[in-house]
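Enquirer: This is start_18.pdb (PDB, C-alpha atoms).
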ATOM      1  CA  MET A   1      66.936 156.441  12.988
ATOM      2  CA  GLU A   2      64.688 154.584  10.559
ATOM      3  CA  GLU A   3      63.381 151.158  11.540
ATOM      4  CA  VAL A   4      64.806 148.437   9.301
ATOM      5  CA  TRP A   5      63.487 144.865   9.110
ATOM      6  CA  LYS A   6      65.502 141.770   8.156
ATOM      7  CA  ASP A   7      64.789 138.043   8.001
ATOM      8  CA  ILE A   8      65.817 135.999  11.034
ATOM      9  CA  LYS A   9      68.393 133.336  10.168
ATOM     10  CA  GLY A  10      66.726 129.928  10.098
ATOM     11  CA  PHE A  11      63.269 131.530   9.880
ATOM     12  CA  GLU A  12      63.527 133.258   6.488
ATOM     13  CA  GLU A  13      60.192 134.427   5.024
ATOM     14  CA  ILE A  14      58.491 133.535   8.314
ATOM     15  CA  TYR A  15      59.829 136.028  10.909
ATOM     16  CA  GLN A  16      61.764 139.288  10.819
ATOM     17  CA  VAL A  17      63.544 141.382  13.450
ATOM     18  CA  SER A  18      64.138 145.122  13.353
ATOM     19  CA  ASN A  19      67.041 147.321  14.449
ATOM     20  CA  PHE A  20      64.633 148.697  17.096
ATOM     21  CA  GLY A  21      64.402 145.288  18.799
ATOM     22  CA  ARG A  22      60.930 144.339  17.552
ATOM     23  CA  VAL A  23      60.025 140.952  16.051
ATOM     24  CA  LYS A  24      57.170 140.222  13.653
ATOM     25  CA  SER A  25      55.663 137.266  11.803
ATOM     26  CA  LEU A  26      55.202 137.744   8.060
ATOM     27  CA  LEU A  27      52.092 137.308   5.923
ATOM     28  CA  ARG A  28      52.147 133.728   4.687
ATOM     29  CA  LYS A  29      49.908 131.086   3.169
ATOM     30  CA  ARG A  30      49.113 127.935   5.140
ATOM     31  CA  ARG A  31      47.048 124.848   4.440
ATOM     32  CA  ASN A  32      44.590 122.866   6.582
ATOM     33  CA  ARG A  33      41.949 120.210   5.908
ATOM     34  CA  ASN A  34      39.567 122.826   4.513
ATOM     35  CA  GLY A  35      42.067 124.292   2.063
ATOM     36  CA  TYR A  36      44.426 127.277   2.185
ATOM     37  CA  PHE A  37      44.331 130.280   4.487
ATOM     38  CA  TYR A  38      46.548 133.298   5.198
ATOM     39  CA  ILE A  39      48.310 134.199   8.441
ATOM     40  CA  LYS A  40      48.394 137.955   8.835
ATOM     41  CA  GLU A  41      51.559 139.910   9.542
ATOM     42  CA  LYS A  42      51.775 140.937  13.183
ATOM     43  CA  ILE A  43      54.221 142.182  15.818
ATOM     44  CA  LEU A  44      55.000 139.420  18.290
ATOM     45  CA  LYS A  45      54.452 139.855  21.988
ATOM     46  CA  GLN A  46      57.680 139.646  23.999
ATOM     47  CA  SER A  47      58.010 138.219  27.497
ATOM     48  CA  ILE A  48      60.692 138.633  30.173
ATOM     49  CA  ASN A  49      62.537 135.498  31.230
ATOM     50  CA  THR A  50      63.903 134.737  34.714
ATOM     51  CA  TYR A  51      67.161 136.557  33.891
ATOM     52  CA  GLY A  52      65.400 139.780  32.868
ATOM     53  CA  TYR A  53      65.898 139.427  29.092
ATOM     54  CA  LEU A  54      63.118 139.831  26.515
ATOM     55  CA  GLN A  55      62.317 136.705  24.523
ATOM     56  CA  VAL A  56      59.927 135.518  21.797
ATOM     57  CA  CYS A  57      58.573 132.151  20.658
ATOM     58  CA  LEU A  58      59.169 131.272  17.009
ATOM     59  CA  TYR A  59      57.685 128.328  15.094
ATOM     60  CA  ASN A  60      59.026 126.550  12.031
ATOM     61  CA  ASN A  61      57.489 123.315  10.731
ATOM     62  CA  CYS A  62      55.576 122.942  14.014
ATOM     63  CA  GLU A  63      58.833 123.154  16.005
ATOM     64  CA  ARG A  64      58.888 125.768  18.778
ATOM     65  CA  SER A  65      62.014 127.826  19.549
ATOM     66  CA  VAL A  66      62.470 130.409  22.304
ATOM     67  CA  LYS A  67      64.879 133.174  21.267
ATOM     68  CA  ARG A  68      66.332 136.093  23.215
ATOM     69  CA  VAL A  69      65.601 139.294  21.336
ATOM     70  CA  HIS A  70      68.960 140.981  21.967
ATOM     71  CA  ARG A  71      70.794 138.070  20.350
ATOM     72  CA  LEU A  72      68.444 138.112  17.343
ATOM     73  CA  VAL A  73      69.185 141.805  16.816
ATOM     74  CA  ALA A  74      72.949 141.356  17.232
ATOM     75  CA  GLU A  75      73.152 138.275  14.989
ATOM     76  CA  THR A  76      71.113 140.026  12.280
ATOM     77  CA  PHE A  77      72.530 143.561  12.309
ATOM     78  CA  ILE A  78      75.893 143.700  14.138
ATOM     79  CA  PRO A  79      79.063 142.248  12.549
ATOM     80  CA  ASN A  80      81.136 139.969  14.786
ATOM     81  CA  PRO A  81      84.534 139.498  13.066
ATOM     82  CA  SER A  82      86.259 138.415  16.310
ATOM     83  CA  ASN A  83      83.563 135.782  16.941
ATOM     84  CA  LYS A  84      82.847 137.058  20.466
ATOM     85  CA  PRO A  85      80.312 134.871  22.298
ATOM     86  CA  GLU A  86      78.151 137.324  24.294
ATOM     87  CA  VAL A  87      75.965 140.374  23.608
ATOM     88  CA  ASN A  88      76.218 143.292  26.042
ATOM     89  CA  HIS A  89      73.612 145.979  26.792
ATOM     90  CA  ILE A  90      75.657 149.187  26.861
ATOM     91  CA  ASP A  91      73.274 151.130  29.146
ATOM     92  CA  GLY A  92      72.678 148.118  31.405
ATOM     93  CA  ASN A  93      68.959 147.958  30.523
ATOM     94  CA  LYS A  94      68.213 144.380  29.415
ATOM     95  CA  THR A  95      64.942 145.426  27.783
ATOM     96  CA  ASN A  96      66.541 148.065  25.536
ATOM     97  CA  ASN A  97      67.343 145.988  22.476
ATOM     98  CA  LYS A  98      67.937 148.754  19.954
ATOM     99  CA  ILE A  99      70.968 148.204  17.756
ATOM    100  CA  ASP A 100      72.890 151.197  19.168
ATOM    101  CA  ASN A 101      72.612 149.726  22.692
ATOM    102  CA  LEU A 102      74.121 146.344  21.840
ATOM    103  CA  GLU A 103      77.676 145.133  21.253
ATOM    104  CA  TRP A 104      79.511 141.829  20.940
ATOM    105  CA  VAL A 105      81.821 141.126  23.910
ATOM    106  CA  THR A 106      83.822 138.399  25.598
ATOM    107  CA  SER A 107      82.690 137.025  28.957
ATOM    108  CA  LYS A 108      85.427 139.020  30.727
ATOM    109  CA  GLU A 109      84.416 142.253  28.963
ATOM    110  CA  ASN A 110      80.772 141.633  29.903
ATOM    111  CA  ILE A 111      81.598 141.158  33.601
ATOM    112  CA  THR A 112      83.950 144.171  33.659
ATOM    113  CA  HIS A 113      81.243 146.361  32.111
ATOM    114  CA  ALA A 114      78.678 145.159  34.681
ATOM    115  CA  PHE A 115      80.952 146.232  37.563
ATOM    116  CA  LYS A 116      81.784 149.511  35.830
ATOM    117  CA  ILE A 117      78.155 150.659  35.522
ATOM    118  CA  GLY A 118      77.107 149.244  38.895
ATOM    119  CA  LEU A 119      75.025 146.249  37.807
ATOM    120  CA  ARG A 120      77.325 144.025  39.862
ATOM    121  CA  THR A 121      79.084 144.954  43.098
ATOM    122  CA  VAL A 122      81.618 143.351  45.415
ATOM    123  CA  THR A 123      80.026 142.142  48.665
ATOM    124  CA  GLU A 124      81.567 142.817  52.072
ATOM    125  CA  GLU A 125      82.445 139.128  52.367
ATOM    126  CA  GLN A 126      84.307 139.238  49.041
ATOM    127  CA  LYS A 127      86.105 142.445  50.091
ATOM    128  CA  THR A 128      87.260 140.748  53.295
ATOM    129  CA  LYS A 129      88.612 137.758  51.374
ATOM    130  CA  LEU A 130      90.465 140.055  48.973
ATOM    131  CA  ARG A 131      91.889 142.037  51.883
ATOM    132  CA  ILE A 132      93.153 138.836  53.534
ATOM    133  CA  LEU A 133      94.842 137.732  50.310
ATOM    134  CA  ARG A 134      96.489 141.116  49.773
ATOM    135  CA  THR A 135      97.799 141.490  53.325
ATOM    136  CA  GLY A 136      98.981 137.883  53.577
ATOM    137  CA  LYS A 137      97.133 137.031  56.793
ATOM    138  CA  LYS A 138      97.740 133.351  56.176
ATOM    139  CA  PHE A 139     101.358 134.008  57.210
ATOM    140  CA  THR A 140     102.561 134.855  60.712
ATOM    141  CA  LYS A 141     103.717 138.351  61.621
ATOM    142  CA  GLU A 142     107.354 137.217  61.627
ATOM    143  CA  GLN A 143     106.988 135.631  58.186
ATOM    144  CA  ARG A 144     105.341 138.773  56.774
ATOM    145  CA  GLU A 145     108.220 140.907  58.100
ATOM    146  CA  LYS A 146     110.798 138.657  56.444
ATOM    147  CA  LEU A 147     108.876 138.714  53.181
ATOM    148  CA  SER A 148     108.696 142.507  53.395
ATOM    149  CA  GLU A 149     112.489 142.715  53.865
ATOM    150  CA  ILE A 150     113.028 140.495  50.833
ATOM    151  CA  ARG A 151     110.864 142.782  48.682
ATOM    152  CA  LYS A 152     112.962 145.868  49.521
ATOM    153  CA  GLY A 153     115.912 147.053  47.455
ATOM    154  CA  GLU A 154     118.876 144.695  47.063
ATOM    155  CA  ASN A 155     117.203 141.992  49.131
ATOM    156  CA  ASN A 156     114.521 141.598  46.478
ATOM    157  CA  PRO A 157     115.670 138.809  44.124
ATOM    158  CA  PHE A 158     113.200 140.035  41.485
ATOM    159  CA  TYR A 159     114.247 143.725  41.640
ATOM    160  CA  GLY A 160     115.664 145.289  38.459
ATOM    161  CA  LYS A 161     115.949 144.001  34.924
ATOM    162  CA  HIS A 162     119.567 142.798  35.189
ATOM    163  CA  HIS A 163     120.810 140.457  37.932
ATOM    164  CA  ASN A 164     124.325 139.946  39.266
ATOM    165  CA  GLU A 165     125.574 136.572  40.517
ATOM    166  CA  LYS A 166     124.429 137.262  44.091
ATOM    167  CA  THR A 167     120.923 138.108  42.938
ATOM    168  CA  LYS A 168     120.757 135.052  40.664
ATOM    169  CA  ASN A 169     121.556 132.861  43.647
ATOM    170  CA  LYS A 170     118.700 134.471  45.598
ATOM    171  CA  ILE A 171     116.323 133.836  42.701
ATOM    172  CA  SER A 172     117.437 130.228  42.569
ATOM    173  CA  GLU A 173     116.891 129.805  46.302
ATOM    174  CA  ALA A 174     113.477 131.474  46.075
ATOM    175  CA  ASN A 175     112.405 129.179  43.240
ATOM    176  CA  LYS A 176     113.434 126.133  45.269
ATOM    177  CA  GLY A 177     111.429 127.329  48.246
ATOM    178  CA  LYS A 178     114.499 127.517  50.498
ATOM    179  CA  MET A 179     114.285 131.106  51.701
ATOM    180  CA  GLU A 180     115.619 130.778  55.223
ATOM    181  CA  GLY A 181     112.923 130.902  57.851
ATOM    182  CA  ILE A 182     110.139 131.306  55.301
ATOM    183  CA  LYS A 183     107.823 128.381  54.820
ATOM    184  CA  HIS A 184     104.174 128.291  53.937
ATOM    185  CA  PRO A 185     102.178 127.767  57.162
ATOM    186  CA  ARG A 186     100.309 124.800  55.669
ATOM    187  CA  CYS A 187     103.516 122.825  54.943
ATOM    188  CA  LYS A 188     103.638 119.565  56.904
ATOM    189  CA  LYS A 189     106.655 117.673  58.187
ATOM    190  CA  ILE A 190     107.102 114.229  56.698
ATOM    191  CA  ILE A 191     109.091 111.157  57.669
ATOM    192  CA  CYS A 192     110.603 108.459  55.495
ATOM    193  CA  ILE A 193     109.729 105.239  57.330
ATOM    194  CA  THR A 194     112.403 103.377  55.378
ATOM    195  CA  THR A 195     115.338 105.558  56.484
ATOM    196  CA  GLY A 196     113.886 107.300  59.538
ATOM    197  CA  GLU A 197     114.685 110.737  58.089
ATOM    198  CA  ILE A 198     112.459 113.702  58.904
ATOM    199  CA  PHE A 199     111.935 116.550  56.444
ATOM    200  CA  ASP A 200     110.343 119.940  57.148
ATOM    201  CA  TYR A 201     108.557 119.845  53.785
ATOM    202  CA  MET A 202     108.351 117.629  50.691
ATOM    203  CA  LYS A 203     110.655 119.807  48.578
ATOM    204  CA  GLN A 204     113.581 118.795  50.786
ATOM    205  CA  ALA A 205     112.869 115.102  50.176
ATOM    206  CA  GLU A 206     112.426 115.688  46.468
ATOM    207  CA  ASP A 207     115.779 117.512  46.244
ATOM    208  CA  LYS A 208     117.616 114.765  48.128
ATOM    209  CA  TYR A 209     116.185 111.695  46.438
ATOM    210  CA  GLY A 210     114.781 113.045  43.178
ATOM    211  CA  ILE A 211     111.304 111.664  43.933
ATOM    212  CA  PRO A 212     108.447 113.868  42.625
ATOM    213  CA  LYS A 213     106.535 115.672  45.369
ATOM    214  CA  SER A 214     103.264 114.469  43.891
ATOM    215  CA  ASN A 215     104.264 110.830  44.477
ATOM    216  CA  ILE A 216     105.451 111.546  48.025
ATOM    217  CA  CYS A 217     102.150 113.321  48.725
ATOM    218  CA  LYS A 218     100.124 110.365  47.398
ATOM    219  CA  CYS A 219     102.110 108.007  49.615
ATOM    220  CA  CYS A 220     101.535 110.203  52.678
ATOM    221  CA  LYS A 221      97.802 110.210  51.944
ATOM    222  CA  GLY A 222      97.767 106.427  51.560
ATOM    223  CA  GLU A 223      96.854 106.518  47.877
ATOM    224  CA  ILE A 224      99.975 104.511  46.973
ATOM    225  CA  LYS A 225     102.074 102.181  49.153
ATOM    226  CA  SER A 226     105.493 103.700  48.408
ATOM    227  CA  ALA A 227     107.213 106.419  46.403
ATOM    228  CA  GLY A 228     110.673 105.885  44.935
ATOM    229  CA  LYS A 229     113.519 103.547  45.822
ATOM    230  CA  HIS A 230     116.549 104.186  48.001
ATOM    231  CA  PRO A 231     119.516 104.921  45.694
ATOM    232  CA  ILE A 232     121.818 102.536  47.583
ATOM    233  CA  THR A 233     119.727  99.814  49.226
ATOM    234  CA  LYS A 234     117.043  99.854  46.495
ATOM    235  CA  GLU A 235     114.384  99.520  49.198
ATOM    236  CA  LYS A 236     110.946 100.947  48.486
ATOM    237  CA  MET A 237     110.569 104.248  50.332
ATOM    238  CA  ILE A 238     107.477 104.712  52.482
ATOM    239  CA  TRP A 239     106.414 108.212  53.511
ATOM    240  CA  LYS A 240     104.105 109.499  56.254
ATOM    241  CA  TYR A 241     102.961 112.878  57.549
ATOM    242  CA  ILE A 242     104.125 113.872  61.020
ATOM    243  CA  GLU A 243     101.080 115.233  62.829
TER     244      GLU A 243
END
If you took the structure in this file and wrote it as structure tokens, what would it be?
Expert:
Amino acid sequence: MEEVWKDIKGFEEIYQVSNFGRVKSLLRKRRNRNGYFYIKEKILKQSINTYGYLQVCLYNNCERSVKRVHRLVAETFIPNPSNKPEVNHIDGNKTNNKIDNLEWVTSKENITHAFKIGLRTVTEEQKTKLRILRTGKKFTKEQREKLSEIRKGENNPFYGKHHNEKTKNKISEANKGKMEGIKHPRCKKIICITTGEIFDYMKQAEDKYGIPKSNICKCCKGEIKSAGKHPITKEKMIWKYIE
């Protein structure tokens, strides 16, 4: 492949970058107090930043700019019709800035590629957290068994593309959080001080009185004094957690 040089955007006729990942300053005429002089063309020295990428310092009208070389190459030589924000090194080598080793990617594509080639790995701590989420260890054994039964065959309200009336009822109950015996372990009982009623979780109170759960929660936390009014007595309803 032949090395091709092109002007860097914003630094035209001052600096150029090549498809090989090299950067050079061009021959140009400058003036000082003694008259005019010429700056010779030369290949710029590249340094490695704290993230492992090669960078160069460019000057324009006495203003200094630090540029990453891989982005200069991509912006100059590689089309980006989808306007993707990041440049990926295909072989994983951050110092290989040749045009055939670079591509425009999204952040998700960049991370996926890093895991695929082994630049990033999942730690044992992260694996444990994923395992806990997948096995549902935040639920009790009895709750996991009931959830497992629901997922099987006819008992699964989300099984199949078409639902009969019985299945629709199960879906409705599931959406309302009323699956018998199944409640998230972090749900707290609450009491309405105004009426003396006790509810196993806020959804029950919301269904009965039509008061948003968010307002009931704020009242329980003491962020607001009351949430809703009693439909008959019109008293302000005060809510508290039952410890």
Enquirer: With only C-alpha atoms as the atoms that count, which of A:Ser82, A:Lys29, A:Lys94, A:Lys146 lies nearest to Ile48 (chain A)?
Expert: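 Smallest separation from Ile48 (chain A) among the options: A:Lys94.
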Enquirer: Write out as a list of chain:residue names which residues come within 12 Å of Glu2 (chain A) when counting all atoms listed in the file, dropping same-chain ones fewer than 5 positions away.
Expert: A:Ser18, A:Asn19, A:Phe20, A:Lys98, A:Ile99
Enquirer: Using the chain letters and residue numbers of this document, give as a ChimeraX atom specification the residues selected by the PyMOL selection byres ((chain A and resi 213) around 12).
Expert: /A:190,201-212,214-220,227-228,239
Enquirer: In Å to one decimal, how far is CA of Glu103 (chain A) from CA of His89 (chain A)?
Expert: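 CA of Glu103 (chain A) lies 6.9 Å from CA of His89 (chain A).
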Enquirer: What's the separation between CA of Ile78 (chain A) and CA of Val23 (chain A), in Å to one decimal place?
Expert: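 Separation of CA of Ile78 (chain A) and CA of Val23 (chain A): 16.2 Å.
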Enquirer: Which value, in Å to one decimal, gives the distance between CA of Glu86 (chain A) and CA of Val105 (chain A)?
Expert: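 Taking CA of Glu86 (chain A) and CA of Val105 (chain A), their separation equals 5.3 Å.
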Enquirer: Select, from A:Glu243, A:Glu125, A:Glu109, A:Asp100, the residue with the minimum atom-to-atom distance to Ile191 (chain A), counting only C-alpha atoms.
Expert: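 Closest to Ile191 (chain A), using only C-alpha atoms: A:Glu243.
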